[in-house]
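Student: Here's a structure for you.
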Amino acid sequence: MYRSTPRCLGRPGLATLIVIAIAAIAMTSAAAAPQVVIYRCTDASGALTVQNDEPCPAGSRQERTVVEPPPPMPVYVPLPQPPAAADPTPAAAEPVPAAERPDAPPPARIADADRLPPPPIYRCHTPGNDRYVSESSEPQPRCVAMQTVGINGDPGLAAGAACEWQYDRCERIPDGEACDGWRQRGRESESGWRYARGDAKAPLQEEFARVATILGDTTCGLPATR
């Protein structure tokens with residue numbers, strides 16, 4: 001049991017007494033004491049001493065305080081850790097299939113003698129000297145945007161917009177070259193659906209299949225014209 005040596009403290013303040021009492025409690029708790037008794041002794045001259053577990057000397061005024069020890073700390077029991085989840089092996093990303101050319105329709109069982117020539121097809125020229133083939137002799141015109149200027153000729157002060165209607169010039173491909181024109185039409189339609197995105201892809205793919213049917217069912221499907 002810890003025992004403090006009585007010392008003359010003069011007349012300490014209340015804060016000093018509280019500190020001493022807390023220190024005594026801490027030391028006795030460390031020694032697992034059941035309780036601590038604090039004696040506050042004042043002799044005839046007014047000198048104050050504070051001691052624990054030893055009564056004041058005879059002739060001193062004594063104040064006795066019993067300090068109960070704090071309850072023992074509960075034994076720490078660590079919580080069980082949940083089992084570590086197995087790190088799943090990430091599934092390999094499935095390769096994105098490349099755009100495949102749609103299957104051409106099965107060859108029609110048409111006798112060579114019964115095959116008809118392909119429909120007329122036209123070779124068209126744009127005002128910019130581009131060429132393409134079309135099934136129409138009069139394709140839809142295009143409204144090409146024009147540059148507008150302000151009243152002083154400054155393009156930065158232009159108000160509104162304007163466009164110029166442009167018409168493509170088309171001529172029919174001769175019958176002897178019509179199959180070549182239809183084959184070009186097939187290549188153009190295939191390129192259109194292959195590079196299309198979203199909802200525009202399916203209609204263009206159907207268009208390519210239609211052109212492939214024309215090439216297979218007409219005289220363009222004869223070995224001599226391929």
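In the structure tokens, chains take letters A, B, ... by order of appearance, with residues numbered from 1 within each chain and ligands from 1 in the order shown.
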Show which residues sit within 9 Å of range 109-114 of chain A, as an NGL selection string. Count only C-alpha atoms, and ignore same-chain residues fewer than 4 positions away.
Tutor: :A and (217-219 or 221-222)
Student: Can I get the selected residues back with N, CA and C atoms, as a compact mmCIF listing (two decimals), in the first residue's frame?
Tutor:
```txt
# COMPACT_ATOMS: atom_id res chain seq x y z
N ASP A 217 -30.73 -12.46 -109.15
CA ASP A 217 -31.90 -12.99 -109.86
C ASP A 217 -31.99 -12.54 -111.31
N THR A 218 -31.18 -11.57 -111.70
CA THR A 218 -31.26 -11.06 -113.07
C THR A 218 -30.12 -11.63 -113.90
N THR A 219 -30.00 -11.11 -115.11
CA THR A 219 -28.88 -11.57 -115.96
C THR A 219 -27.53 -11.21 -115.39
N GLY A 221 -26.53 -12.21 -112.66
CA GLY A 221 -26.08 -13.40 -111.96
C GLY A 221 -25.51 -14.46 -112.85
N LEU A 222 -25.57 -14.27 -114.18
CA LEU A 222 -25.00 -15.25 -115.10
C LEU A 222 -23.48 -15.24 -115.01
```
Student: Ranking A:Pro118, A:Asp53, A:Ser137, A:Leu204 by minimum distance to Asp175 in chain A and counting only C-alpha atoms, which one comes first?
Tutor: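 Smallest separation from Asp175 in chain A among the options: A:Pro118.
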Student: If we count only C-alpha atoms, what is near Glu138 in chain A at a cut-off of 10 Å, once residues fewer than 3 positions away on the same chain are taken out, given as a list in words?
Tutor: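 Selected residues are Tyr122, Cys124, Ser134, Glu135, Pro141, Tyr167, Asp168, Arg169, Cys170 and Glu171 of chain A.
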Student: Save out the residues we just selected, C-alpha atoms, as a short mmCIF file (atom, residue, chain, number, x, y, z; two decimals), in the first residue's frame.
Tutor:
```
data_model
loop_
_atom_site.label_atom_id
_atom_site.label_comp_id
_atom_site.auth_asym_id
_atom_site.auth_seq_id
_atom_site.Cartn_x
_atom_site.Cartn_y
_atom_site.Cartn_z
CA TYR A 122 -28.11 5.86 -113.61
CA CYS A 124 -25.00 10.82 -111.53
CA SER A 134 -28.68 5.90 -108.46
CA GLU A 135 -31.88 4.06 -109.27
CA PRO A 141 -31.92 18.29 -104.80
CA TYR A 167 -29.28 19.45 -108.64
CA ASP A 168 -27.27 16.42 -109.69
CA ARG A 169 -27.08 15.52 -113.36
CA CYS A 170 -27.80 11.86 -114.16
CA GLU A 171 -27.71 9.73 -117.31
#
```
Student: Name the closest residue to Ile121 in chain A among the candidates A:Val211, A:Ala58, A:Trp165, A:Arg194; distances are taken between atoms, counting only C-alpha atoms.
Tutor: A:Val211
Student: I'd like the interatomic distance between CA of Glu54 in chain A and CA of Val67 in chain A, to a tenth of an Å.
Tutor: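 Computing the Euclidean distance for CA of Glu54 in chain A and CA of Val67 in chain A yields 14.2 Å.
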Student: Have a look at A:Gln62, A:Thr42, A:Gln166, A:Thr213 and name the one nearest to Arg183 in chain A; count only C-alpha atoms.
Tutor: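 Among A:Gln62, A:Thr42, A:Gln166, A:Thr213, it is A:Thr213 that comes nearest to Arg183 in chain A.
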Student: Could you pull the residues within 9 Å of Ala44 in chain A, counting only C-alpha atoms, minus those fewer than 2 positions along the same chain, as a list of chain:residue names?
Tutor: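 So the residues in contact are A:Thr42, A:Gly46, A:Ala47, A:Gly59, A:Ser60, A:Arg61.
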Student: Could the residues in this selection be saved with N, CA and C atoms as a tab-separated table (two decimals), in the first residue's frame?
Tutor:
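Output file result01.tsv is given in full below:
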```
chain	number	residue	atom	x	y	z
A	42	THR	N	-4.96	19.20	10.32
A	42	THR	CA	-4.61	20.59	10.61
A	42	THR	C	-4.15	20.66	12.05
A	46	GLY	N	-2.15	25.66	12.50
A	46	GLY	CA	-2.87	25.87	11.23
A	46	GLY	C	-2.20	25.23	10.03
A	47	ALA	N	-1.07	24.53	10.25
A	47	ALA	CA	-0.40	23.87	9.13
A	47	ALA	C	-1.24	22.66	8.69
A	59	GLY	N	-3.99	15.60	18.69
A	59	GLY	CA	-4.02	17.05	18.84
A	59	GLY	C	-4.30	17.78	17.54
A	60	SER	N	-4.42	17.05	16.42
A	60	SER	CA	-4.71	17.69	15.12
A	60	SER	C	-6.20	17.53	14.81
A	61	ARG	N	-6.67	18.51	14.08
A	61	ARG	CA	-8.04	18.39	13.60
A	61	ARG	C	-8.03	17.53	12.34
```
Student: Do you have the CA of Ala161 in chain A-CA of Thr148 in chain A distance handy?
Tutor: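 Those two atoms sit 6.5 Å apart.
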Student: Using only C-alpha atoms, can you tell me which of A:Pro120, A:Gly192, A:Pro71, A:Pro223 comes closest to Glu206 in chain A?
Tutor: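 Looking at the shortest contact to Glu206 in chain A, the residue is A:Gly192.
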Student: Between CA of Cys143 in chain A and CA of Ala162 in chain A, what is the distance, to one decimal in Å?
Tutor: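 Interatomic distance here is 9.0 Å.
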